[in-house]
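Here the structure is laid out as structure tokens; the discussion comes afterwards.
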Amino acid sequence: MRMTVTLGINQIISHGFGLFLFAALVPLMQTSIEISHWHLATIGALTQLSYLAGAMLLGLIGHHVNSGRLLLVTGSLTTLLLFSMATLNDPMVITLVLTIMAASAAISWGAIVELITRFGRPENCATNLATASSGTAWGYGLNGLLILLVIPLFGWRSGWILAGVLGAATLLLTLSLLRSLKQRHANHLVEETSAALSPLQLFRTILRERTAFCACLICFLVGASTMPFSTWLNTYLAEMALPPALGGYTWTVTGLTGMAAGFLIGKLADRRGHGLALLAVFGGFALSLVAFAYSPARFAAVAGFGYGLMYFPMWGIIAGWVSKQYGSKATMQINGIGMVTFGLGGALGNLIAGFVRDSSGSLAGVYAMITALAIVLTLVAGFICVTERQPKPPFQPAF
């Protein structure tokens, strides 16, 4: 449990603060820094591309680097950059810092996946991974607390400083954890280079192996559905003349659900199978969207619940499912490519959403598309749930 909690806190720093704290603080930052809409658009595009680049780099060469050292390097870099954000006034420099933190976040999650699958108990792998991945939801909650309790007293720069302090404390916890793991597993620290995949083997495996292909397909579909959902939700509620507080309430429900979902869904995966866990989260997401399409005013919070139930634990469940067939290094590589497909799906989903919005003048069609994608995800999970019970041949790298 110590390893899971420590790595989950790393997820709070890398994703909760490194990726999402800026979005929470930008309205306050604009009171003293001239951050234009053009800057925001540039930051959104560059951070997404940077996250994809970090995930691709992790998939291709991450297996050559010690994951513990990688986690310390990315944690140190993110902590320094969080502190630096409190001193910056130039929007272009802020853009550069946020871009670097996005790539660092992608690499950090890959290192977390490798460490948990290598050192964690196999029977608790999905629980540990899903709990760690839900650290992002805890980051959402901490961002809200910073805005409510700290920033009104000390200003927006104090939010970045406190995030940096928490990052430094996390580094100490991580260093202590890694030393403990080294002592405890002194006879089992040989790197799994034989189980790692070359770039050519990696892409062939993803194209030919059912588990690797389905994992990347799911990540693509999740990106194509969740990114437009989060991007356009408040705009859609405003389009229907619903109160702005409804959007805030919906995101609060999302964060609270995500905090609990990681541990609970991870337990379900370990005890009853990853396919059933995926079916539960994707089925819940699909049902919540059907209700939201029927009556957005009444079921917006239900949609937020379904989003939190699915999005935060999904990463851990997928990584745990992949680790059942592949070694820790190969799991990290496949997970890296999965993050790339997630980003590509998100970009494509948002492009289609923008086209639908411009051509129809309404976002109703966008949420109909998202609902259809959620149903497809449920069908894919159902397929996995059925085939997971069948015996699998030992893994052989695709050549």
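So you can find residues: chains in the structure tokens are A, B, ... in the order shown, residues in each start at 1, and ligands are numbered from 1 in order.
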Original post:
Which neighbours of Phe282 in chain A fall inside 10 Å, counting only C-alpha atoms, when residues of the same chain fewer than 6 positions from it are skipped, and could you give them as a PyMOL selection string?
Top reply: chain A and resi 222+276+288+306-307+309-311+314+373-382
Hey, which bits of range 209-285 of chain A sit within 12 Å of range 348-366 of chain A, and for each residue what's the closest pair of atoms and how far apart in Å (one decimal), counting only C-alpha atoms, rows by chain and increasing number, as a Markdown table?
```
| residue | atom | partner | partner_atom | distance |
| --- | --- | --- | --- | --- |
| A:Phe220 | CA | A:Leu348 | CA | 9.6 |
| A:Leu221 | CA | A:Gly349 | CA | 9.1 |
| A:Val222 | CA | A:Gly349 | CA | 9.8 |
| A:Gly223 | CA | A:Gly349 | CA | 7.4 |
| A:Ala224 | CA | A:Gly349 | CA | 4.4 |
| A:Ser225 | CA | A:Gly349 | CA | 6.7 |
| A:Thr226 | CA | A:Gly349 | CA | 8.7 |
| A:Met227 | CA | A:Asn350 | CA | 6.9 |
| A:Pro228 | CA | A:Asn350 | CA | 5.2 |
| A:Phe229 | CA | A:Val366 | CA | 8.5 |
| A:Ser230 | CA | A:Asn350 | CA | 10.1 |
| A:Thr231 | CA | A:Asn350 | CA | 7.8 |
| A:Trp232 | CA | A:Leu363 | CA | 7.9 |
| A:Leu233 | CA | A:Leu363 | CA | 9.1 |
| A:Asn234 | CA | A:Leu363 | CA | 10.9 |
| A:Thr235 | CA | A:Leu363 | CA | 8.4 |
| A:Tyr236 | CA | A:Leu363 | CA | 6.0 |
| A:Leu237 | CA | A:Leu363 | CA | 9.5 |
| A:Ala238 | CA | A:Leu363 | CA | 10.6 |
| A:Glu239 | CA | A:Ser362 | CA | 7.8 |
| A:Met240 | CA | A:Ser362 | CA | 9.5 |
```
Original post:
Which of these, A:Thr341, A:Ser323, A:Thr387, A:Thr74, has the shortest distance to Leu49 in chain A once you count only C-alpha atoms?
Top reply: A:Thr341
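Nearest to Ala301 in chain A of all the residues A:Thr257, A:Ala269, A:Gly336, A:Gly275 is A:Thr257, based on only C-alpha atoms.
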Original post:
Mind checking DSSP for range 101-281 of chain A and telling me the alpha helix (DSSP H) residues as JSON, numbers by chain?
Top reply: {"A": [101, 102, 103, 104, 105, 106, 107, 108, 109, 110, 111, 112, 113, 114, 115, 116, 117, 118, 119, 125, 126, 127, 128, 129, 130, 131, 132, 133, 135, 136, 137, 138, 139, 140, 141, 142, 143, 144, 145, 151, 152, 153, 154, 156, 157, 158, 159, 160, 161, 162, 163, 164, 165, 166, 167, 168, 169, 170, 171, 172, 173, 174, 175, 176, 177, 178, 179, 180, 181, 182, 183, 184, 199, 200, 201, 202, 203, 204, 205, 206, 207, 208, 210, 211, 212, 213, 214, 215, 216, 217, 218, 219, 220, 221, 222, 223, 224, 225, 226, 227, 228, 229, 230, 231, 232, 233, 234, 235, 236, 237, 238, 239, 244, 245, 246, 247, 248, 249, 250, 251, 252, 253, 254, 255, 256, 257, 258, 259, 260, 261, 262, 263, 264, 265, 266, 267, 268, 269, 270, 271, 272, 274, 275, 276, 277, 278, 279, 280, 281]}
Subject >> CA of Met56 in chain A to CA of Leu77 in chain A, distance in Å rounded to a single decimal >> reply: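 Taking CA of Met56 in chain A as the start and CA of Leu77 in chain A as the end point, the length is 19.0 Å.
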**OP:** Fewer than 5 positions away in the same chain doesn't count, so skip those; otherwise give me all residues within 6 Å of range 35-45 of chain A, counting only C-alpha atoms, as number ranges by chain.
**Re:** A: 30, 91, 95
Please write the residues from the selection above to a file, keeping N, CA, C and O atoms, as a CSV table (one decimal), in the first residue's frame.
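Wrote it out as result19.csv, contents follow:
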```csv
chain,number,residue,atom,x,y,z
A,30,GLN,N,-4.6,36.0,-15.3
A,30,GLN,CA,-4.9,37.0,-16.3
A,30,GLN,C,-5.1,38.4,-15.8
A,30,GLN,O,-5.0,39.4,-16.5
A,91,PRO,N,4.1,35.4,-21.1
A,91,PRO,CA,3.2,34.3,-21.5
A,91,PRO,C,4.0,33.2,-22.4
A,91,PRO,O,3.6,32.0,-22.3
A,95,THR,N,4.3,29.3,-21.5
A,95,THR,CA,3.9,28.3,-22.5
A,95,THR,C,5.0,27.2,-22.6
A,95,THR,O,4.7,26.0,-22.6
```
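For the pair CA of Ser158 in chain A and CA of Ser14 in chain A, the separation is 18.0 Å.
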**OP:** Give me, please, the distance in Å between CA of Gly8 in chain A and CA of Asn128 in chain A, quoted to one decimal.
**Re:** 8.9 Å
Original post:
Which of these, A:Ala86, A:Ala163, A:Ala111, A:Leu80, has the shortest distance to Leu21 in chain A once you count only C-alpha atoms?
Top reply: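 With only C-alpha atoms as the atom set, the closest residue is A:Ala163.
Within the 8 Å cut-off around His63 in chain A, using only C-alpha atoms and omitting residues fewer than 6 positions from it on the same chain, the listed residues are Thr193, Ala196, Lys329, Ala330, Met332 and Gln333 of chain A.
The smallest atom-to-atom distance between Gln48 in chain A and any of A:Asn10, A:Ser295, A:Thr4, A:Ser104, using only C-alpha atoms, is found for A:Ser104.
Each of A:Leu177, A:Leu129, A:Val165, A:Leu264 was checked against Leu71 in chain A using only C-alpha atoms; the smallest atom-to-atom distance is that of A:Leu177.
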So that each row is one residue of range 303-360 of chain A with an atom at most 9 Å from range 248-252 of chain A, can you give its shortest atom pair and the distance in Å to one decimal, using only C-alpha atoms, rows by chain and rising number, as a Markdown table?
```
| residue | atom | partner | partner_atom | distance |
| --- | --- | --- | --- | --- |
| A:Ala303 | CA | A:Thr250 | CA | 7.6 |
| A:Gly304 | CA | A:Thr250 | CA | 5.1 |
| A:Phe305 | CA | A:Thr250 | CA | 7.7 |
| A:Gly308 | CA | A:Trp251 | CA | 8.8 |
```
Pull N, CA, C and O atoms from the residues just selected and write them as a tab-separated table (two decimals), in the first residue's frame.
```tsv
chain	number	residue	atom	x	y	z
A	303	ALA	N	-23.99	12.43	-15.66
A	303	ALA	CA	-22.95	12.31	-16.68
A	303	ALA	C	-21.57	12.53	-16.07
A	303	ALA	O	-20.60	11.84	-16.42
A	304	GLY	N	-21.47	13.48	-15.14
A	304	GLY	CA	-20.21	13.69	-14.44
A	304	GLY	C	-19.80	12.47	-13.63
A	304	GLY	O	-18.62	12.11	-13.58
A	305	PHE	N	-20.77	11.83	-12.99
A	305	PHE	CA	-20.50	10.61	-12.24
A	305	PHE	C	-19.97	9.52	-13.17
A	305	PHE	O	-18.98	8.85	-12.87
A	308	GLY	N	-16.35	10.33	-14.24
A	308	GLY	CA	-15.39	10.05	-13.18
A	308	GLY	C	-15.22	8.57	-12.92
A	308	GLY	O	-14.12	8.08	-12.64
```
Subject >> Contacts of Asn124 in chain A at 10 Å (only C-alpha atoms; same-chain gap of 5+ positions) as a VMD selection string >> reply: chain A and resid 1 116 to 117 129 266 to 267 269 to 271 320
Original post:
Of the residues A:Ala168, A:Ile384, A:Leu178, A:Cys219, which is the one nearest to Leu7 in chain A, using only C-alpha atoms?
Top reply: A:Leu178
I want to know what sits within 10 Å of Asn89 in chain A, based on only C-alpha atoms, with residues of the same chain fewer than 2 positions away left out; could you give that as a short mmCIF file (atom, residue, chain, number, x, y, z; two decimals) with all heavy atoms, in the first residue's frame?
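File part.cif, as written:
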```cif
data_model
loop_
_atom_site.label_atom_id
_atom_site.label_comp_id
_atom_site.auth_asym_id
_atom_site.auth_seq_id
_atom_site.Cartn_x
_atom_site.Cartn_y
_atom_site.Cartn_z
N MET A 29 -4.60 34.43 -13.04
CA MET A 29 -3.32 34.87 -13.58
C MET A 29 -3.51 35.99 -14.61
O MET A 29 -2.65 36.87 -14.75
CB MET A 29 -2.58 33.69 -14.21
CG MET A 29 -2.17 32.62 -13.21
SD MET A 29 -1.46 31.14 -13.99
CE MET A 29 0.07 31.81 -14.65
N SER A 32 -3.01 39.82 -13.78
CA SER A 32 -1.70 40.46 -13.69
C SER A 32 -0.77 40.13 -14.85
O SER A 32 0.29 40.74 -14.98
CB SER A 32 -1.02 40.07 -12.37
OG SER A 32 -0.94 38.67 -12.23
N ILE A 33 -1.14 39.16 -15.67
CA ILE A 33 -0.33 38.78 -16.83
C ILE A 33 -1.23 38.81 -18.06
O ILE A 33 -2.36 38.31 -18.02
CB ILE A 33 0.27 37.36 -16.66
CG1 ILE A 33 1.16 37.30 -15.42
CG2 ILE A 33 1.08 36.98 -17.90
CD1 ILE A 33 1.70 35.92 -15.14
N GLU A 34 -0.73 39.37 -19.14
CA GLU A 34 -1.52 39.48 -20.38
C GLU A 34 -1.49 38.15 -21.13
O GLU A 34 -0.74 37.97 -22.09
CB GLU A 34 -0.99 40.61 -21.25
CG GLU A 34 -1.19 41.99 -20.62
CD GLU A 34 -0.73 43.10 -21.56
OE1 GLU A 34 -0.27 42.78 -22.68
OE2 GLU A 34 -0.83 44.28 -21.17
N ILE A 35 -2.32 37.22 -20.68
CA ILE A 35 -2.46 35.92 -21.34
C ILE A 35 -3.70 35.99 -22.22
O ILE A 35 -4.83 36.02 -21.72
CB ILE A 35 -2.58 34.79 -20.31
CG1 ILE A 35 -1.35 34.77 -19.37
CG2 ILE A 35 -2.72 33.44 -21.00
CD1 ILE A 35 -1.45 33.75 -18.26
N MET A 85 6.84 28.71 -11.97
CA MET A 85 5.61 29.34 -12.44
C MET A 85 5.19 30.50 -11.55
O MET A 85 4.50 31.42 -11.99
CB MET A 85 4.49 28.30 -12.50
CG MET A 85 4.58 27.33 -13.68
SD MET A 85 4.31 28.12 -15.28
CE MET A 85 2.56 28.51 -15.18
N ALA A 86 5.59 30.48 -10.28
CA ALA A 86 5.23 31.56 -9.35
C ALA A 86 5.99 32.84 -9.65
O ALA A 86 5.61 33.92 -9.17
CB ALA A 86 5.50 31.12 -7.92
N THR A 87 7.08 32.76 -10.45
CA THR A 87 7.91 33.93 -10.71
C THR A 87 7.76 34.47 -12.13
O THR A 87 8.30 35.53 -12.43
CB THR A 87 9.39 33.58 -10.47
OG1 THR A 87 9.83 32.63 -11.45
CG2 THR A 87 9.58 32.98 -9.08
N PRO A 91 4.11 35.36 -21.06
CA PRO A 91 3.24 34.25 -21.52
C PRO A 91 3.98 33.21 -22.36
O PRO A 91 3.64 32.01 -22.29
CB PRO A 91 2.16 34.96 -22.35
CG PRO A 91 2.12 36.35 -21.81
CD PRO A 91 3.54 36.66 -21.43
N MET A 92 4.98 33.63 -23.13
CA MET A 92 5.69 32.67 -23.96
C MET A 92 6.55 31.73 -23.10
O MET A 92 6.65 30.54 -23.40
CB MET A 92 6.57 33.41 -24.98
CG MET A 92 5.78 34.28 -25.93
SD MET A 92 4.42 33.39 -26.76
CE MET A 92 5.32 32.18 -27.72
N VAL A 93 7.17 32.27 -22.06
CA VAL A 93 7.95 31.41 -21.16
C VAL A 93 7.01 30.48 -20.39
O VAL A 93 7.33 29.30 -20.19
CB VAL A 93 8.77 32.28 -20.18
CG1 VAL A 93 9.56 31.38 -19.22
CG2 VAL A 93 9.72 33.19 -20.94
N ILE A 94 5.86 30.97 -19.98
CA ILE A 94 4.86 30.13 -19.32
C ILE A 94 4.45 28.98 -20.24
O ILE A 94 4.33 27.83 -19.81
CB ILE A 94 3.64 30.97 -18.91
CG1 ILE A 94 4.01 31.91 -17.75
CG2 ILE A 94 2.47 30.07 -18.50
CD1 ILE A 94 2.92 32.89 -17.38
#
```
